[in-house]
Amino acid sequence: MPFLENAWYIAAWSDELAEGKLHRKLLGQDILFYRRRDGSAVALASRCPHRFAPLHYGDLVEGDRIRCRYHGLEFGPDGTCAHNPNDDGPPPPIRVRAYPLMERYQAIWIWMGDPDAAADHPLSDEFSYLDDPDRYAVCKGAMMLECDYRLAIDNLLDAAHANFLHDDSLGSEALTRAKTEVREEGEFIHADRWAPNGAPSPFLGQFLGSFTDPVDQWANSRWERASLLSVDAGATALGVDIAEGIRFRAAHLLTPQTQTSCHYFWAAARNFSLDDETLTQQIAAATDHIFTTEDKWMLEGQQAMLGDTDFWAARPKLLAGDHAAVAVRRRIDRLIEAEQAGAAAP
Amino acid sequence: MPFLENAWYIAAWSDELAEGKLHRKLLGQDILFYRRRDGSAVALASRCPHRFAPLHYGDLVEGDRIRCRYHGLEFGPDGTCAHNPNDDGPPPPIRVRAYPLMERYQAIWIWMGDPDAAADHPLSDEFSYLDDPDRYAVCKGAMMLECDYRLAIDNLLDAAHANFLHDDSLGSEALTRAKTEVREEGEFIHADRWAPNGAPSPFLGQFLGSFTDPVDQWANSRWERASLLSVDAGATALGVDIAEGIRFRAAHLLTPQTQTSCHYFWAAARNFSLDDETLTQQIAAATDHIFTTEDKWMLEGQQAMLGDTDFWAARPKLLAGDHAAVAVRRRIDRLIEAEQAGAAAP
Amino acid sequence: MPFLENAWYIAAWSDELAEGKLHRKLLGQDILFYRRRDGSAVALASRCPHRFAPLHYGDLVEGDRIRCRYHGLEFGPDGTCAHNPNDDGPPPPIRVRAYPLMERYQAIWIWMGDPDAAADHPLSDEFSYLDDPDRYAVCKGAMMLECDYRLAIDNLLDAAHANFLHDDSLGSEALTRAKTEVREEGEFIHADRWAPNGAPSPFLGQFLGSFTDPVDQWANSRWERASLLSVDAGATALGVDIAEGIRFRAAHLLTPQTQTSCHYFWAAARNFSLDDETLTQQIAAATDHIFTTEDKWMLEGQQAMLGDTDFWAARPKLLAGDHAAVAVRRRIDRLIEAEQAGAAAP
């Protein structure tokens, strides 16, 4: 299955690319990331076109160029060869692919498709809560998952699993019983859950000191091409306006590495106790722990059971709770088909 | 090469499945084993049909069911979905494959083919010596072999290798020189050796305190579909009835895991010093040591030399001593061909 | 891409095969090396034709034979089965391939192709400096490279990389700027560099105690089928006859193991301080260090960037400095094509 290329994918959290270079494989492509002296980020195909040395072995030199460690060819941020120290005369007319990048919401985003199509599919401003310190305290992390990125999307859009996989952390009987309202709105797919008058999950419950049980809870998810999920979840005392409640905004951002592995970036923004750095660290540790020991274990187990078999070819027996995940899978399938058809057209 | 599916394979020694669950891959299939509360064993395909979570990650719950750790679907011992906690109404009409099982002779046996064909190919009672403590003291073990299961069958049916691979343990010049009588009797293939008046192998010799050299020895092997070998070996003082001799009954039971790996289960039953537990442990340790350091090493070396090449395609130059192994290989080939032809028929 | 089989490849340094046996995979073939009692070396296909046991598991026995550890078949140095202990009568008419070998210049050389063609392509006497202790002090080594052997040949024929990959060791601005004269002379391809009046490389410089900068330098490389490189490099005081200079003769000898791995054998012979054993060890350590930490790292990085893609299919953007490497690649391509066409002919 090809990947959807015409999309903004997250390549790294901004602070993962401090000084120096970063090499990542995204959508099967080896990519070198580095920063210009003005701080702006660059992404180049990391295979020197001369004789295929890894450009991520290279050195950053004058002019914000990467110099190949093998023969000293220098490539500028636009990917053109700017200097060849081996021969006299102008540099050879060779280049590496330069990927459109933007840095926003504490992350570096990369456009993996046709540069001319980037304007047609702008990244939404959904994730602005990741860069809004007056209103949100944010923690974040990243990990590799040895599974198809779509298994991770399924997982994140699926409320039903919380009571079984996360029974002592994220599970909430009230939220699980709540009906999911799935809506396709233009480029987005929403899956909203509203659970009035129920017990909170253990995770939320620990932040609800002043509330008394039961609470009103919600968890609204939104998918954006190709593999970006945003979740708005929280709780209030019964009948209180949700604007008064505690609220978590969570970003779950997947970028395929290969057909059966992906980069997973997560962030959690809360609207309370903004200055409590200890709490931020506790939430980060708890989130990482839950995902690592429960979801990652399960996702990689599913991949092992599937092996090389395509998800649909394995004929899943879907349930009502899969509605949102299936809507997203079908959308991704259609987008890839359309992109491939376009790519094949003259 | 497909596997022969219509056959009873050993899945585990009974004591490998105590409480809890056991996950094994047999004939390329992931299978979950567990025990009902009444102690009887269950084997289910270990991939949840919903979204392919490993059922062996699940929990055993009320009603002898396995509950999927991902979404809580519960499957009963017959493989049908008995409960779906996520939706109201009856459980969905989905199921996992339930494999016919039986527990006999200290082992759990699984039928990997068409359940309706199981009655046509009953397991023989050959291995009853594994569960006959009044007459035999038994020790047993198991290991993985990184080779095609048929290389292991070849090995076990081939007396000639003992003098070279096991020269200081199992080798016996007398037994090696003895002619092997190969007989195909219905569903069984026999390879019998009778070596009167010769020196015993070092292994047998250590148990022959009251005998004096030379002895009469025998080693009779029997193959049963698909990969079950039973060996009756022993020695007596010259001319004495073999019923008076020391006797080892050995089971060598192979179950393919993949095309190039297999589970190997072995057991040795002796007819003397039945209460000597120390001796039992010594025999177990010696047997495991010989197989691990000599046979396993050789079998995996053969597999490495063959790589992906089929045994026959590599054109082995067979010798007289291969008669039994070749008869079994040819039989297995024919059985698989017939089974495939039957499977393909309308 | 098939390998060129009609060629002398280095299999081992002589001292790697002392007593006992050596198993190596060359050109994808498992080969057993051992020495006869008279000291001469033998190379046999290491897969027993009986049932594919690794002959390198075997024992060397009377008659300079290898005895298979599995069933005791004995094969002589010519590959024929000389003894079968299992059956009466003459040994079976089976054999393993025996490879033509010769031992020369401190190395064991193997002919991987049609034995009748060996005389048409004798190994040149270029490497006699490896066995000329009156004139040269030699050190040598070997390592595995996880790359196509031709990437290593490219590397060794390419002077341009020294200033970037080896900037603090082998790099010399003067030598890098020197024009490479590439000449195809019959079976050989030469790439010669002459750099008068320049600074020596740090590596050469350390041996030039009595010279003063600048020096005249040279580095002349010669390729010989299929993957043998000899380099003659050195320096003299300005205008002095090069026969007076310090001189290094270096052998860089590649033997493919698989499509993406190769054995690399290197040796360095110097014409000065012949009795300084400490210096020999220092040069050996420095050479191994440079190759391991710089070239091997780069070559394996190139292979990772190429994956399974053929070098030409990846469309390298070649530079003037690649002239020699390209000439050799093209020559190897043509030799393989011709050999394959010949092999296919009746």
# chains A, B, ... in the order shown; residues from 1 in each chain; ligands from 1
>>> interface_residues(of="chain B", to="chain A", cutoff="7 Å", atoms="only C-alpha atoms", output="ChimeraX atom specification")
/B:47,49-54,69-72,86
>>> residues_around(residues="Thr278 in chain A", least_positions_apart="5", cutoff="12 Å", atoms="only C-alpha atoms", output="JSON, numbers by chain")
{"A": [137, 139, 273, 283, 284, 285]}
>>> write_last_selection(atoms="C-alpha atoms", output="mmCIF file, in the first residue's frame")
data_model
loop_
_atom_site.group_PDB
_atom_site.id
_atom_site.type_symbol
_atom_site.label_atom_id
_atom_site.label_comp_id
_atom_site.auth_asym_id
_atom_site.auth_seq_id
_atom_site.Cartn_x
_atom_site.Cartn_y
_atom_site.Cartn_z
ATOM 1 C CA ALA A 137 0.583 23.558 30.205
ATOM 2 C CA CYS A 139 4.063 17.881 28.041
ATOM 3 C CA SER A 273 -2.321 24.201 37.432
ATOM 4 C CA ILE A 283 1.526 13.505 33.498
ATOM 5 C CA ALA A 284 4.322 13.001 30.974
ATOM 6 C CA ALA A 285 5.623 9.972 32.830
#
>>> select_by_dssp(residues="range 125-236 of chain C", states="strand (DSSP E or B)", output="VMD selection string")
chain C and resid 137 to 145 180 to 185 188 to 198 215 to 224 228 to 236
>>> atom_distance(atom1="CA of Ala142 in chain B", atom2="CA of Ile10 in chain B")
11.0 Å
>>> residues_around(residues="Ala107 in chain C", least_positions_apart="6", cutoff="12 Å", atoms="only C-alpha atoms", output="list of chain:residue names")
C:Trp8, C:Tyr9, C:Ile10, C:Ala11, C:Ala12, C:Trp13, C:Ser14, C:Asp15, C:Glu16, C:Leu17, C:Ala18, C:Ser40, C:Ala41, C:Leu101, C:Phe127, C:Ser128, C:Leu130, C:Asp131, C:Lys140, C:Gly141, C:Ala142, C:Ala251, C:Leu253, C:Phe265, C:Trp266, C:Ala267
>>> write_last_selection(atoms="C-alpha atoms", output="mmCIF file, in the first residue's frame")
data_model
loop_
_atom_site.group_PDB
_atom_site.id
_atom_site.type_symbol
_atom_site.label_atom_id
_atom_site.label_comp_id
_atom_site.auth_asym_id
_atom_site.auth_seq_id
_atom_site.Cartn_x
_atom_site.Cartn_y
_atom_site.Cartn_z
ATOM 1 C CA TRP C 8 41.493 -15.653 -8.765
ATOM 2 C CA TYR C 9 40.084 -14.373 -5.523
ATOM 3 C CA ILE C 10 41.876 -14.200 -2.240
ATOM 4 C CA ALA C 11 40.314 -16.645 0.200
ATOM 5 C CA ALA C 12 42.496 -16.028 3.233
ATOM 6 C CA TRP C 13 45.886 -14.864 4.367
ATOM 7 C CA SER C 14 48.086 -17.925 4.662
ATOM 8 C CA ASP C 15 48.393 -17.556 8.392
ATOM 9 C CA GLU C 16 44.626 -17.561 8.822
ATOM 10 C CA LEU C 17 44.685 -21.230 7.848
ATOM 11 C CA ALA C 18 47.180 -22.715 10.238
ATOM 12 C CA SER C 40 49.287 -27.475 0.969
ATOM 13 C CA ALA C 41 45.806 -26.002 1.131
ATOM 14 C CA LEU C 101 43.812 -23.113 -5.139
ATOM 15 C CA PHE C 127 51.732 -8.781 -5.300
ATOM 16 C CA SER C 128 55.193 -10.305 -4.988
ATOM 17 C CA LEU C 130 54.043 -9.170 -0.018
ATOM 18 C CA ASP C 131 56.634 -11.920 0.062
ATOM 19 C CA LYS C 140 48.302 -7.012 6.917
ATOM 20 C CA GLY C 141 44.777 -7.554 8.108
ATOM 21 C CA ALA C 142 41.266 -8.476 7.106
ATOM 22 C CA ALA C 251 47.264 -4.511 -1.579
ATOM 23 C CA LEU C 253 41.862 -7.368 -2.088
ATOM 24 C CA PHE C 265 42.006 -8.145 2.886
ATOM 25 C CA TRP C 266 44.628 -5.443 3.080
ATOM 26 C CA ALA C 267 48.384 -5.368 3.318
#
>>> residues_around(residues="Leu55 in chain C", least_positions_apart="2", cutoff="8 Å", atoms="only C-alpha atoms", output="tab-separated table (two decimals) with N, CA and C atoms, in the first residue's frame")
chain	number	residue	atom	x	y	z
C	32	LEU	N	34.92	-25.02	2.46
C	32	LEU	CA	35.78	-25.50	3.53
C	32	LEU	C	37.23	-25.45	3.06
C	46	SER	N	31.44	-26.99	0.91
C	46	SER	CA	31.31	-27.46	2.30
C	46	SER	C	29.97	-28.09	2.61
C	47	ARG	N	29.25	-28.53	1.60
C	47	ARG	CA	27.95	-29.17	1.85
C	47	ARG	C	28.05	-30.62	1.43
C	48	CYS	N	27.92	-31.52	2.38
C	48	CYS	CA	28.02	-32.94	2.05
C	48	CYS	C	26.91	-33.30	1.07
C	53	ALA	N	24.99	-32.16	5.34
C	53	ALA	CA	25.67	-31.73	6.56
C	53	ALA	C	26.80	-30.78	6.19
C	57	TYR	N	31.94	-28.96	9.73
C	57	TYR	CA	31.75	-29.56	11.05
C	57	TYR	C	32.62	-30.82	11.19
C	58	GLY	N	33.20	-31.27	10.10
C	58	GLY	CA	33.84	-32.58	10.07
C	58	GLY	C	35.24	-32.61	10.67
C	66	ILE	N	38.56	-35.09	4.59
C	66	ILE	CA	37.61	-34.55	5.57
C	66	ILE	C	36.54	-35.61	5.77
C	67	ARG	N	36.28	-35.93	7.03
C	67	ARG	CA	35.26	-36.93	7.33
C	67	ARG	C	34.02	-36.22	7.84
C	68	CYS	N	32.92	-36.45	7.16
C	68	CYS	CA	31.66	-35.80	7.56
C	68	CYS	C	31.30	-36.23	8.97
C	69	ARG	N	30.94	-35.27	9.76
C	69	ARG	CA	30.63	-35.55	11.17
C	69	ARG	C	29.31	-36.28	11.33
>>> residues_around(residues="Ser201 in chain A", least_positions_apart="4", cutoff="12 Å", atoms="only C-alpha atoms", output="list in words")
Ala162, Asn163, His166, Asp167, Asp168, Ser169, Leu170, Gly171, Ser172, Glu173, Ala174, Leu175, Thr176, Ala195, Gly205, Gln206, Phe207, Leu208, Asp213, Pro214, Val215, Asp216, Gln217, Trp218, Ala219, Ala233, Gly234 and Ala235 of chain A
>>> select_by_dssp(residues="range 99-269 of chain B", states="helix (DSSP H, G or I)", output="count of residues only")
40
>>> closest_residue(among="B:Lys179, B:Gly79, B:Val138, B:Pro196", to="Gln281 in chain B", atoms="only C-alpha atoms")
B:Val138
>>> residues_around(residues="Glu184 in chain C", least_positions_apart="3", cutoff="12 Å", atoms="only C-alpha atoms", output="JSON, numbers by chain")
{"C": [181, 187, 188, 189, 190, 191, 192, 221, 222, 223, 224, 323, 324, 325, 326, 327, 328, 330, 331]}
